[in-house]
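Below is one structure, written out as structure tokens; comments come after it.
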Amino acid sequence: MTLHFPNMAEPAGRTLGDEEVAALERVIRSGMLNSVWGTEARALEREVAELYGSRHAIACASGTAALHLSVVAAAPDPGDEIITTPITDFGTVAPILAQNAVPVFADVDPSDGNLDPDAVAALIGPRTRAIMVVHLFGAPARAGELRRLADRHGLALIEDCAQAWLTELPDGRYAGTAGHVGTLSLQQWKHITCGDGGLALTDDDELARRMRLFADKGWDRAAGRSHESLGLNYRMTELQAAVARAQLAKLPEVVEARRRTAGQLIEALRALEPHDVHLGLPRPDGHAWWLFPLVLPNGDAPELAAHLSAAGIPARAGYLKEPLNRAPLWDAPVYGSSRYPLEDYRPAPCPEAERLVATTLLIIDWNEHYTSEHVKVITEAVAGYLGRP
Ligand SMILES: *Cc1c(COP(=O)(O)O)cnc(C)c1O
């Protein structure tokens, strides 16, 4: 009998229970489901701000919405450039286009797929307005270095922590607090969930004000029915917020459990390395283990992924079909028949990102409900692959 690997689309792979049911009932019985007049979203903001030691947390409809708010806060003029990574969810890039700015893709560190600060520095030009860094799979990206780079050039640094709840930077701070704005996601597949939802963190009062206005139709509620600036409706509902608060209380245990079993797998795989195959094990420091990545420099990722899948292990090669600098989108119109602001734009090659996605990167879905049994099954399957004739 093959061992079942719990996943985030089923009850056995989530931490949703009586606390979330009670939270929903509390909101429904209150008669107020909208966060403009309710109390849950404001309470969630206070709790997340306190956890992260941030002055402001702004709850919104999704991680993508939080990223859109962060780009609004950075205030690019149309045609300005924002430097980001080609290995991420499209939610990082869509808000750049939505603000009529131009995404510029910098290449990544081949050891973990996170932005390479030297590659970012080489792309900074007169139109650069911001840098968006992603803590990929929960591994800390080099946000401290990027913050110094951003400060030197007068740029905003945005940290996308959708996959990185409680990821720690080398100085001990949480990822999301090194930049001018940090963003989080509560979508179904993240560490904690309310189906969809997001938060933007900042210490800056002016950036917080811009983000709050954009999330609520440019409407300063204290000033009457008057609209100060362009905004959409990106509000989180009280139902989402109540579930998110119950989930937030469980977050430390979720991350701790993921760290425990990921640490066990690293130890077990390290013991296999004398097989002369370099497995490219992830560095555990500060990692929040949204997924467990391996980098196989010999290009074996698709083969090993197929071998692990055949053994019932949720493993895939590449993470994306193609890195975002190679997406079909760059040859298509952006608005109607217009390619504005991308008229002459074609993303530059990112050879390290392209190699990771095509041949060297392997990911194993990770989960707080894995046990040492799951670690053993994965280790045996990898050992079987390495020892194959
Ligand atoms: C999930 C994700 C997003 C988008 O978040 P949604 O809540 O799904 O909109 C953005 N960036 C990264 C890195 C993600 O993993």
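Going through the structure tokens in order, the chains are called A, B, and so on, while each chain numbers its residues from 1 and the ligands are numbered from 1 in the order shown.
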Ligand 1: which residues are within 10 Å, counting only C-alpha atoms and all ligand atoms, as a ChimeraX atom specification? /A:60-68,85,87-94,133-138,159-164,183-190,193-199,290
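Excluding range 380-388 of chain A itself and any same-chain residue fewer than 3 positions from it, the protein and nucleic acid residues within 8 Å of it, counting only C-alpha atoms, are Leu269, Leu272, His275, Val277, Leu304, His307, Leu308, Ala311, Lys376 and Val377 of chain A.
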Keeping only all heavy atoms, write the selected residues as a compact mmCIF listing (two decimals), in the first residue's frame.
# COMPACT_ATOMS: atom_id res chain seq x y z
N LEU A 269 18.81 12.89 3.02
CA LEU A 269 19.33 12.98 1.65
C LEU A 269 20.83 13.26 1.66
O LEU A 269 21.55 12.79 0.78
CB LEU A 269 18.59 14.09 0.87
CG LEU A 269 17.12 13.81 0.58
CD1 LEU A 269 16.50 14.98 -0.19
CD2 LEU A 269 16.92 12.51 -0.21
N LEU A 272 22.82 10.29 1.49
CA LEU A 272 22.86 9.57 0.20
C LEU A 272 23.90 10.14 -0.74
O LEU A 272 24.22 9.52 -1.75
CB LEU A 272 21.51 9.69 -0.52
CG LEU A 272 20.27 9.12 0.15
CD1 LEU A 272 19.05 9.40 -0.72
CD2 LEU A 272 20.42 7.63 0.39
N HIS A 275 26.81 8.82 -3.17
CA HIS A 275 26.54 8.20 -4.47
C HIS A 275 27.09 9.01 -5.62
O HIS A 275 26.60 8.87 -6.73
CB HIS A 275 25.04 8.11 -4.70
CG HIS A 275 24.39 6.93 -4.09
ND1 HIS A 275 24.25 5.74 -4.73
CD2 HIS A 275 23.81 6.77 -2.89
CE1 HIS A 275 23.59 4.90 -3.95
NE2 HIS A 275 23.32 5.50 -2.83
N VAL A 277 26.28 11.74 -6.80
CA VAL A 277 25.39 12.66 -7.48
C VAL A 277 25.17 13.81 -6.51
O VAL A 277 24.87 13.57 -5.34
CB VAL A 277 24.03 12.02 -7.79
CG1 VAL A 277 23.19 12.95 -8.60
CG2 VAL A 277 24.23 10.71 -8.48
N LEU A 304 14.05 12.48 -12.37
CA LEU A 304 13.84 12.16 -10.95
C LEU A 304 12.39 12.45 -10.54
O LEU A 304 11.79 11.68 -9.78
CB LEU A 304 14.82 12.94 -10.07
CG LEU A 304 14.68 12.75 -8.54
CD1 LEU A 304 14.75 11.28 -8.14
CD2 LEU A 304 15.76 13.54 -7.80
N HIS A 307 10.28 9.62 -11.58
CA HIS A 307 10.54 8.47 -10.71
C HIS A 307 9.81 8.64 -9.37
O HIS A 307 9.18 7.70 -8.88
CB HIS A 307 12.06 8.35 -10.48
CG HIS A 307 12.47 7.20 -9.63
ND1 HIS A 307 12.68 5.92 -10.13
CD2 HIS A 307 12.68 7.12 -8.30
CE1 HIS A 307 13.02 5.12 -9.14
NE2 HIS A 307 13.03 5.82 -8.01
N LEU A 308 9.86 9.84 -8.78
CA LEU A 308 9.19 10.08 -7.50
C LEU A 308 7.67 10.02 -7.66
O LEU A 308 6.97 9.43 -6.83
CB LEU A 308 9.61 11.43 -6.91
CG LEU A 308 11.08 11.60 -6.55
CD1 LEU A 308 11.34 12.99 -5.94
CD2 LEU A 308 11.56 10.53 -5.57
N ALA A 311 6.28 6.71 -7.58
CA ALA A 311 6.24 6.14 -6.23
C ALA A 311 5.17 6.81 -5.35
O ALA A 311 5.13 6.60 -4.14
CB ALA A 311 7.62 6.26 -5.57
N LYS A 376 10.73 9.09 5.04
CA LYS A 376 11.37 7.80 4.71
C LYS A 376 11.00 7.36 3.29
O LYS A 376 11.87 6.91 2.53
CB LYS A 376 10.90 6.76 5.74
CG LYS A 376 11.62 5.45 5.67
CD LYS A 376 11.42 4.65 6.98
CE LYS A 376 11.49 3.18 6.66
NZ LYS A 376 10.23 2.45 6.91
N VAL A 377 9.74 7.50 2.93
CA VAL A 377 9.31 7.09 1.59
C VAL A 377 10.03 7.93 0.52
O VAL A 377 10.49 7.39 -0.51
CB VAL A 377 7.77 7.20 1.45
CG1 VAL A 377 7.32 7.08 0.00
CG2 VAL A 377 7.09 6.14 2.31
Which residue out of A:Ile364, A:Asn34, A:Asp331, A:Arg26 has the minimum interatomic distance to Tyr234 in chain A when only C-alpha atoms are used? A:Asn34
Report as a compact mmCIF listing (two decimals) with all heavy atoms, in the first residue's frame all protein, DNA and RNA residues lying within 10 Å of range 101-106 of chain A, evaluated on only C-alpha atoms, omitting residues in the same chain fewer than 5 positions from it.
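Result went into out.txt, see below:
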# COMPACT_ATOMS: atom_id res chain seq x y z
N VAL A 71 2.61 48.10 -5.61
CA VAL A 71 3.07 48.83 -6.81
C VAL A 71 2.47 50.23 -6.81
O VAL A 71 3.15 51.21 -7.14
CB VAL A 71 2.72 48.05 -8.10
CG1 VAL A 71 3.05 48.89 -9.34
CG2 VAL A 71 3.47 46.73 -8.14
N ALA A 75 4.36 53.99 -6.77
CA ALA A 75 3.98 55.10 -7.65
C ALA A 75 4.84 55.26 -8.90
O ALA A 75 5.39 56.35 -9.14
CB ALA A 75 3.95 56.40 -6.84
N PRO A 76 4.97 54.21 -9.72
CA PRO A 76 5.70 54.40 -10.98
C PRO A 76 4.90 55.30 -11.92
O PRO A 76 3.67 55.26 -11.92
CB PRO A 76 5.78 52.97 -11.55
CG PRO A 76 4.59 52.26 -10.97
CD PRO A 76 4.39 52.86 -9.59
N ASP A 77 5.60 56.13 -12.71
CA ASP A 77 4.95 56.81 -13.82
C ASP A 77 4.74 55.76 -14.92
O ASP A 77 5.49 54.79 -14.99
CB ASP A 77 5.84 57.92 -14.36
CG ASP A 77 5.85 59.14 -13.46
OD1 ASP A 77 4.92 59.28 -12.62
OD2 ASP A 77 6.79 59.94 -13.56
N PRO A 78 3.75 55.98 -15.81
CA PRO A 78 3.59 55.03 -16.93
C PRO A 78 4.92 54.89 -17.68
O PRO A 78 5.60 55.88 -17.94
CB PRO A 78 2.52 55.69 -17.80
CG PRO A 78 1.70 56.49 -16.82
CD PRO A 78 2.71 57.00 -15.81
N GLY A 79 5.28 53.64 -17.98
CA GLY A 79 6.53 53.39 -18.70
C GLY A 79 7.74 53.21 -17.80
O GLY A 79 8.80 52.77 -18.25
N ASP A 80 7.63 53.52 -16.51
CA ASP A 80 8.74 53.26 -15.58
C ASP A 80 8.94 51.75 -15.45
O ASP A 80 8.03 50.96 -15.72
CB ASP A 80 8.43 53.85 -14.19
CG ASP A 80 8.76 55.34 -14.10
OD1 ASP A 80 9.31 55.88 -15.07
OD2 ASP A 80 8.44 55.94 -13.07
N GLU A 81 10.13 51.39 -14.98
CA GLU A 81 10.49 49.97 -14.92
C GLU A 81 10.52 49.46 -13.48
O GLU A 81 10.94 50.17 -12.57
CB GLU A 81 11.88 49.75 -15.54
CG GLU A 81 11.89 50.11 -17.02
CD GLU A 81 13.27 50.09 -17.66
OE1 GLU A 81 14.28 49.89 -16.92
OE2 GLU A 81 13.36 50.30 -18.88
N ILE A 82 10.09 48.22 -13.32
CA ILE A 82 10.18 47.55 -12.02
C ILE A 82 10.92 46.24 -12.24
O ILE A 82 10.53 45.43 -13.10
CB ILE A 82 8.78 47.34 -11.40
CG1 ILE A 82 8.15 48.71 -11.12
CG2 ILE A 82 8.89 46.49 -10.13
CD1 ILE A 82 6.82 48.69 -10.42
N ILE A 83 12.00 46.06 -11.50
CA ILE A 83 12.84 44.87 -11.70
C ILE A 83 12.32 43.75 -10.80
O ILE A 83 12.09 43.95 -9.61
CB ILE A 83 14.32 45.18 -11.36
CG1 ILE A 83 14.84 46.31 -12.26
CG2 ILE A 83 15.17 43.93 -11.51
CD1 ILE A 83 16.24 46.80 -11.89
N THR A 84 12.13 42.56 -11.40
CA THR A 84 11.64 41.43 -10.61
C THR A 84 12.21 40.12 -11.15
O THR A 84 13.04 40.11 -12.05
CB THR A 84 10.10 41.43 -10.55
OG1 THR A 84 9.68 40.45 -9.58
CG2 THR A 84 9.47 41.09 -11.89
N THR A 85 11.74 39.02 -10.57
CA THR A 85 12.27 37.69 -10.90
C THR A 85 11.38 36.97 -11.92
O THR A 85 10.16 37.10 -11.87
CB THR A 85 12.37 36.82 -9.63
OG1 THR A 85 12.64 35.47 -10.01
CG2 THR A 85 11.08 36.84 -8.84
N PRO A 86 11.99 36.18 -12.81
CA PRO A 86 11.18 35.42 -13.77
C PRO A 86 10.62 34.12 -13.19
O PRO A 86 9.81 33.46 -13.83
CB PRO A 86 12.17 35.11 -14.89
CG PRO A 86 13.51 35.10 -14.22
CD PRO A 86 13.44 36.08 -13.08
N ILE A 87 11.06 33.74 -11.96
CA ILE A 87 10.50 32.52 -11.36
C ILE A 87 9.60 32.92 -10.21
O ILE A 87 10.03 33.13 -9.08
CB ILE A 87 11.59 31.54 -10.88
CG1 ILE A 87 12.56 31.22 -12.02
CG2 ILE A 87 10.95 30.25 -10.36
CD1 ILE A 87 13.60 30.15 -11.67
N THR A 92 2.86 38.35 -9.12
CA THR A 92 3.91 39.33 -8.87
C THR A 92 3.99 40.34 -10.02
O THR A 92 4.29 41.51 -9.80
CB THR A 92 5.30 38.63 -8.76
OG1 THR A 92 5.17 37.45 -7.98
CG2 THR A 92 6.34 39.54 -8.12
N VAL A 93 3.73 39.87 -11.24
CA VAL A 93 4.01 40.65 -12.44
C VAL A 93 2.76 41.41 -12.93
O VAL A 93 2.87 42.55 -13.40
CB VAL A 93 4.55 39.72 -13.54
CG1 VAL A 93 4.71 40.45 -14.86
CG2 VAL A 93 5.89 39.13 -13.09
N ALA A 94 1.58 40.80 -12.79
CA ALA A 94 0.36 41.42 -13.31
C ALA A 94 0.16 42.85 -12.76
O ALA A 94 -0.21 43.76 -13.52
CB ALA A 94 -0.85 40.53 -12.98
N PRO A 95 0.41 43.09 -11.46
CA PRO A 95 0.20 44.46 -10.95
C PRO A 95 1.13 45.50 -11.58
O PRO A 95 0.76 46.68 -11.67
CB PRO A 95 0.49 44.33 -9.45
CG PRO A 95 0.27 42.89 -9.14
CD PRO A 95 0.71 42.15 -10.36
N ILE A 96 2.30 45.08 -12.03
CA ILE A 96 3.22 46.02 -12.70
C ILE A 96 2.56 46.50 -13.98
O ILE A 96 2.48 47.72 -14.24
CB ILE A 96 4.57 45.32 -13.00
CG1 ILE A 96 5.23 44.83 -11.70
CG2 ILE A 96 5.50 46.26 -13.79
CD1 ILE A 96 6.50 44.02 -11.90
N LEU A 115 16.23 35.88 -6.60
CA LEU A 115 16.88 36.97 -7.33
C LEU A 115 18.36 37.12 -6.95
O LEU A 115 18.70 37.08 -5.77
CB LEU A 115 16.20 38.30 -7.02
CG LEU A 115 15.14 38.84 -7.97
CD1 LEU A 115 14.70 40.22 -7.50
CD2 LEU A 115 15.58 38.86 -9.42
N ASP A 116 19.20 37.32 -7.97
CA ASP A 116 20.62 37.57 -7.78
C ASP A 116 20.82 39.09 -7.71
O ASP A 116 20.60 39.79 -8.71
CB ASP A 116 21.35 36.96 -8.98
CG ASP A 116 22.83 37.31 -9.01
OD1 ASP A 116 23.28 38.06 -8.12
OD2 ASP A 116 23.51 36.84 -9.94
N PRO A 117 21.22 39.63 -6.55
CA PRO A 117 21.34 41.09 -6.42
C PRO A 117 22.29 41.72 -7.45
O PRO A 117 22.06 42.86 -7.87
CB PRO A 117 21.88 41.28 -4.99
CG PRO A 117 21.43 40.06 -4.26
CD PRO A 117 21.48 38.94 -5.27
N ASP A 118 23.33 40.99 -7.89
CA ASP A 118 24.23 41.55 -8.91
C ASP A 118 23.49 41.71 -10.24
O ASP A 118 23.69 42.70 -10.96
CB ASP A 118 25.46 40.66 -9.12
CG ASP A 118 26.38 40.68 -7.90
OD1 ASP A 118 26.36 41.69 -7.17
OD2 ASP A 118 27.10 39.69 -7.69
N ALA A 119 22.66 40.73 -10.57
CA ALA A 119 21.88 40.82 -11.81
C ALA A 119 20.90 41.99 -11.73
O ALA A 119 20.67 42.71 -12.71
CB ALA A 119 21.13 39.50 -12.06
N VAL A 120 20.32 42.20 -10.54
CA VAL A 120 19.40 43.33 -10.35
C VAL A 120 20.16 44.65 -10.53
O VAL A 120 19.73 45.53 -11.28
CB VAL A 120 18.75 43.28 -8.95
CG1 VAL A 120 17.94 44.55 -8.68
CG2 VAL A 120 17.86 42.05 -8.82
N ALA A 121 21.33 44.74 -9.87
CA ALA A 121 22.11 46.00 -9.92
C ALA A 121 22.45 46.37 -11.36
O ALA A 121 22.40 47.54 -11.74
CB ALA A 121 23.39 45.85 -9.09
N ALA A 122 22.76 45.35 -12.19
CA ALA A 122 23.16 45.61 -13.57
C ALA A 122 22.01 46.16 -14.41
O ALA A 122 22.25 46.74 -15.48
CB ALA A 122 23.69 44.31 -14.20
N LEU A 123 20.78 46.00 -13.96
CA LEU A 123 19.62 46.43 -14.75
C LEU A 123 19.04 47.77 -14.31
O LEU A 123 18.11 48.29 -14.91
CB LEU A 123 18.52 45.35 -14.68
CG LEU A 123 18.86 44.04 -15.39
CD1 LEU A 123 17.84 42.96 -15.03
CD2 LEU A 123 18.90 44.25 -16.91
N ILE A 124 19.58 48.33 -13.24
CA ILE A 124 19.04 49.60 -12.75
C ILE A 124 19.39 50.72 -13.74
O ILE A 124 20.54 50.85 -14.13
CB ILE A 124 19.57 49.92 -11.34
CG1 ILE A 124 19.02 48.89 -10.34
CG2 ILE A 124 19.17 51.34 -10.90
CD1 ILE A 124 19.58 49.02 -8.94
N ARG A 127 14.91 54.76 -15.62
CA ARG A 127 13.46 54.61 -15.46
C ARG A 127 13.09 53.62 -14.37
O ARG A 127 11.91 53.34 -14.14
CB ARG A 127 12.83 54.16 -16.79
CG ARG A 127 13.13 55.13 -17.89
CD ARG A 127 11.95 55.70 -18.63
NE ARG A 127 10.77 56.07 -17.89
CZ ARG A 127 9.62 56.36 -18.47
NH1 ARG A 127 9.50 56.26 -19.78
NH2 ARG A 127 8.57 56.73 -17.76
N THR A 128 14.10 53.03 -13.70
CA THR A 128 13.78 52.05 -12.65
C THR A 128 13.13 52.75 -11.46
O THR A 128 13.62 53.79 -11.00
CB THR A 128 15.06 51.34 -12.18
OG1 THR A 128 15.76 50.85 -13.32
CG2 THR A 128 14.72 50.18 -11.24
N ARG A 129 12.04 52.18 -11.00
CA ARG A 129 11.30 52.79 -9.90
C ARG A 129 11.28 51.90 -8.64
O ARG A 129 11.19 52.38 -7.53
CB ARG A 129 9.85 52.99 -10.40
CG ARG A 129 9.01 53.90 -9.63
CD ARG A 129 9.40 55.36 -9.84
NE ARG A 129 8.97 56.11 -8.67
CZ ARG A 129 9.66 56.23 -7.55
NH1 ARG A 129 10.86 55.72 -7.43
NH2 ARG A 129 9.16 56.86 -6.53
N ALA A 130 11.34 50.58 -8.86
CA ALA A 130 11.20 49.65 -7.72
C ALA A 130 11.82 48.31 -8.05
O ALA A 130 12.09 48.00 -9.23
CB ALA A 130 9.72 49.47 -7.37
N ILE A 131 12.07 47.53 -7.00
CA ILE A 131 12.53 46.15 -7.12
C ILE A 131 11.50 45.29 -6.38
O ILE A 131 11.13 45.61 -5.25
CB ILE A 131 13.92 45.95 -6.45
CG1 ILE A 131 14.97 46.86 -7.11
CG2 ILE A 131 14.35 44.49 -6.49
CD1 ILE A 131 16.26 46.99 -6.29
N MET A 132 11.03 44.23 -7.03
CA MET A 132 10.12 43.30 -6.35
C MET A 132 10.84 41.97 -6.19
O MET A 132 11.15 41.31 -7.19
CB MET A 132 8.85 43.09 -7.17
CG MET A 132 7.95 44.31 -7.20
SD MET A 132 6.58 44.08 -8.34
CE MET A 132 5.33 43.42 -7.25
N PRO A 323 9.85 30.13 -17.55
CA PRO A 323 10.00 31.31 -16.68
C PRO A 323 9.24 32.48 -17.29
O PRO A 323 8.98 32.51 -18.50
CB PRO A 323 11.51 31.56 -16.66
CG PRO A 323 12.09 30.77 -17.77
CD PRO A 323 11.12 29.69 -18.13
N LEU A 324 8.85 33.44 -16.47
CA LEU A 324 7.93 34.48 -16.94
C LEU A 324 8.52 35.36 -18.03
O LEU A 324 7.79 35.93 -18.83
CB LEU A 324 7.43 35.32 -15.76
CG LEU A 324 6.51 34.54 -14.80
CD1 LEU A 324 6.13 35.39 -13.60
CD2 LEU A 324 5.27 34.04 -15.52
N ASN A 325 9.86 35.45 -18.12
CA ASN A 325 10.45 36.23 -19.22
C ASN A 325 10.20 35.55 -20.56
O ASN A 325 10.36 36.18 -21.61
CB ASN A 325 11.95 36.46 -19.01
CG ASN A 325 12.74 35.17 -18.97
OD1 ASN A 325 12.38 34.25 -18.23
ND2 ASN A 325 13.80 35.06 -19.76
N TYR A 340 0.71 49.00 -25.34
CA TYR A 340 1.19 49.99 -24.39
C TYR A 340 1.24 49.39 -22.99
O TYR A 340 0.30 48.72 -22.60
CB TYR A 340 0.27 51.23 -24.38
CG TYR A 340 0.73 52.29 -23.43
CD1 TYR A 340 1.68 53.21 -23.83
CD2 TYR A 340 0.24 52.33 -22.13
CE1 TYR A 340 2.13 54.17 -22.94
CE2 TYR A 340 0.70 53.30 -21.25
CZ TYR A 340 1.64 54.21 -21.65
OH TYR A 340 2.10 55.14 -20.78
N PRO A 341 2.26 49.58 -22.18
CA PRO A 341 3.47 50.37 -22.44
C PRO A 341 4.65 49.52 -22.92
O PRO A 341 5.80 49.88 -22.69
CB PRO A 341 3.77 50.92 -21.04
CG PRO A 341 3.40 49.77 -20.13
CD PRO A 341 2.26 49.05 -20.79
N LEU A 342 4.35 48.43 -23.62
CA LEU A 342 5.40 47.46 -23.98
C LEU A 342 5.78 47.49 -25.45
O LEU A 342 6.29 46.51 -25.97
CB LEU A 342 4.93 46.03 -23.63
CG LEU A 342 4.47 45.77 -22.19
CD1 LEU A 342 4.04 44.32 -22.02
CD2 LEU A 342 5.59 46.11 -21.21
N TYR A 345 9.11 46.27 -26.41
CA TYR A 345 9.67 45.53 -25.29
C TYR A 345 9.71 44.03 -25.56
O TYR A 345 8.73 43.43 -26.00
CB TYR A 345 8.80 45.80 -24.07
CG TYR A 345 9.07 44.94 -22.87
CD1 TYR A 345 10.09 45.25 -22.00
CD2 TYR A 345 8.29 43.81 -22.61
CE1 TYR A 345 10.33 44.47 -20.88
CE2 TYR A 345 8.52 43.04 -21.49
CZ TYR A 345 9.54 43.36 -20.63
OH TYR A 345 9.77 42.59 -19.54
N ARG A 346 10.86 43.42 -25.34
CA ARG A 346 10.96 41.96 -25.26
C ARG A 346 11.85 41.66 -24.06
O ARG A 346 12.96 42.22 -23.97
CB ARG A 346 11.62 41.35 -26.51
CG ARG A 346 10.76 41.36 -27.76
CD ARG A 346 9.58 40.36 -27.64
NE ARG A 346 8.70 40.38 -28.80
CZ ARG A 346 7.84 41.36 -29.07
NH1 ARG A 346 7.76 42.41 -28.31
NH2 ARG A 346 7.09 41.30 -30.14
N PRO A 347 11.41 40.83 -23.12
CA PRO A 347 12.26 40.54 -21.96
C PRO A 347 13.59 39.92 -22.40
O PRO A 347 13.62 39.16 -23.37
CB PRO A 347 11.45 39.53 -21.14
CG PRO A 347 10.07 39.59 -21.68
CD PRO A 347 10.16 40.06 -23.09
N ALA A 348 14.65 40.26 -21.70
CA ALA A 348 15.97 39.70 -21.98
C ALA A 348 16.02 38.24 -21.50
O ALA A 348 15.26 37.85 -20.62
CB ALA A 348 17.03 40.53 -21.29
N PRO A 349 16.92 37.43 -22.07
CA PRO A 349 17.09 36.07 -21.57
C PRO A 349 17.56 36.06 -20.11
O PRO A 349 18.25 36.99 -19.68
CB PRO A 349 18.18 35.47 -22.47
CG PRO A 349 18.32 36.40 -23.62
CD PRO A 349 17.83 37.74 -23.18
N CYS A 350 17.17 35.04 -19.39
CA CYS A 350 17.64 34.82 -18.02
C CYS A 350 18.12 33.37 -17.96
O CYS A 350 17.36 32.46 -17.58
CB CYS A 350 16.52 35.04 -17.01
SG CYS A 350 15.92 36.73 -16.94
N GLU A 352 20.02 31.41 -16.17
CA GLU A 352 19.96 30.56 -14.96
C GLU A 352 18.51 30.16 -14.68
O GLU A 352 18.24 29.00 -14.35
CB GLU A 352 20.55 31.29 -13.75
CG GLU A 352 22.02 31.65 -13.86
CD GLU A 352 22.95 30.44 -13.99
OE1 GLU A 352 22.47 29.29 -13.84
OE2 GLU A 352 24.14 30.65 -14.25
N ALA A 353 17.59 31.10 -14.79
CA ALA A 353 16.18 30.79 -14.55
C ALA A 353 15.68 29.77 -15.58
O ALA A 353 14.93 28.84 -15.26
CB ALA A 353 15.34 32.06 -14.62
Can you measure CA of Arg245 in chain A to CA of Ala200 in chain A for me? One decimal in Å is fine. 15.5 Å
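The space separating CA of Leu51 in chain A from CA of Ile192 in chain A comes to 14.6 Å.
With distances restricted to only C-alpha atoms, A:Leu69 is the closest residue to Thr202 in chain A from A:Leu291, A:Ala41, A:Leu69, A:Leu265.
Distance-wise, CA of Asn298 in chain A and CA of Val357 in chain A end up 13.3 Å apart.
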Check range 179-257 of chain A with DSSP on the backbone and list each residue it calls strand (DSSP E), as a PyMOL selection string. chain A and resi 181-185+198-202
Determine which residues of range 91-336 of chain A DSSP labels as helix (DSSP H, G or I) from the backbone of this structure, then write them out as a PyMOL selection string. chain A and resi 91-92+94-98+117-123+136-138+143-153+205-215+221-223+238-270+273-275+301-310+324-326+328-331
Closest to Gly312 in chain A among A:Met236, A:Leu3, A:Ala327, A:Ala332, using only C-alpha atoms? A:Leu3
As a tab-separated table (two decimals) with all heavy atoms, in the first residue's frame, please: the residues near Gly17 in chain A (cut-off 12 Å, only C-alpha atoms, same-chain neighbours under 6 positions excluded).
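Dumped everything to part10.tsv:
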chain	number	residue	atom	x	y	z
A	11	PRO	N	-9.08	18.20	3.54
A	11	PRO	CA	-9.08	18.46	4.99
A	11	PRO	C	-7.83	17.91	5.68
A	11	PRO	O	-7.26	18.57	6.56
A	11	PRO	CB	-10.33	17.76	5.50
A	11	PRO	CG	-11.22	17.64	4.32
A	11	PRO	CD	-10.34	17.56	3.10
A	23	ALA	N	-15.58	30.92	14.00
A	23	ALA	CA	-15.30	32.29	13.55
A	23	ALA	C	-16.32	32.72	12.49
A	23	ALA	O	-16.86	33.83	12.53
A	23	ALA	CB	-13.88	32.37	12.99
A	24	LEU	N	-16.60	31.81	11.57
A	24	LEU	CA	-17.59	32.12	10.52
A	24	LEU	C	-18.96	32.33	11.12
A	24	LEU	O	-19.69	33.25	10.74
A	24	LEU	CB	-17.66	30.96	9.52
A	24	LEU	CG	-16.65	30.99	8.39
A	24	LEU	CD1	-16.90	29.82	7.46
A	24	LEU	CD2	-16.75	32.31	7.61
A	243	VAL	N	-11.86	33.81	9.29
A	243	VAL	CA	-11.18	32.53	9.06
A	243	VAL	C	-9.66	32.74	9.12
A	243	VAL	O	-8.93	31.95	9.73
A	243	VAL	CB	-11.61	31.92	7.70
A	243	VAL	CG1	-10.76	30.70	7.36
A	243	VAL	CG2	-13.09	31.55	7.74
A	246	ALA	N	-8.35	32.83	12.69
A	246	ALA	CA	-8.24	31.49	13.30
A	246	ALA	C	-7.03	30.76	12.73
A	246	ALA	O	-6.30	30.06	13.46
A	246	ALA	CB	-9.53	30.71	13.05
A	247	GLN	N	-6.78	30.95	11.45
A	247	GLN	CA	-5.62	30.31	10.81
A	247	GLN	C	-4.31	30.91	11.32
A	247	GLN	O	-3.33	30.20	11.53
A	247	GLN	CB	-5.71	30.48	9.29
A	247	GLN	CG	-6.77	29.59	8.66
A	247	GLN	CD	-6.20	28.20	8.40
A	247	GLN	OE1	-5.48	27.98	7.43
A	247	GLN	NE2	-6.51	27.27	9.28
A	250	LYS	N	-2.72	29.42	14.21
A	250	LYS	CA	-2.11	28.10	13.99
A	250	LYS	C	-0.81	28.18	13.19
A	250	LYS	O	-0.12	27.18	13.01
A	250	LYS	CB	-3.11	27.19	13.25
A	250	LYS	CG	-4.42	27.01	14.02
A	250	LYS	CD	-5.45	26.22	13.21
A	250	LYS	CE	-6.78	26.17	13.98
A	250	LYS	NZ	-7.83	25.47	13.22
Thr371 in chain A surroundings by only C-alpha atoms, 8 Å radius, close-in-sequence under 3 positions cut, as a PyMOL selection string: chain A and resi 261+374-375
Write a file of the selected residues as a compact mmCIF listing (two decimals), in the first residue's frame, keeping N, CA, C and O atoms.
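Written output follows (out12.txt):
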# COMPACT_ATOMS: atom_id res chain seq x y z
N THR A 261 10.08 18.26 9.56
CA THR A 261 10.20 17.16 8.59
C THR A 261 11.13 17.54 7.43
O THR A 261 11.85 16.67 6.93
N HIS A 374 6.67 9.84 5.82
CA HIS A 374 6.73 10.50 4.50
C HIS A 374 8.18 10.77 4.12
O HIS A 374 8.58 10.57 2.97
N VAL A 375 8.96 11.19 5.11
CA VAL A 375 10.37 11.47 4.85
C VAL A 375 11.07 10.20 4.40
O VAL A 375 11.88 10.20 3.44
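Neighbours of Leu239 in chain A closer than or equal to 7 Å, with only C-alpha atoms counted and sequence neighbours fewer than 2 positions away skipped, come out as Leu24, Val27, Leu33, Thr237, Ala241, Ala242 and Val243 of chain A.
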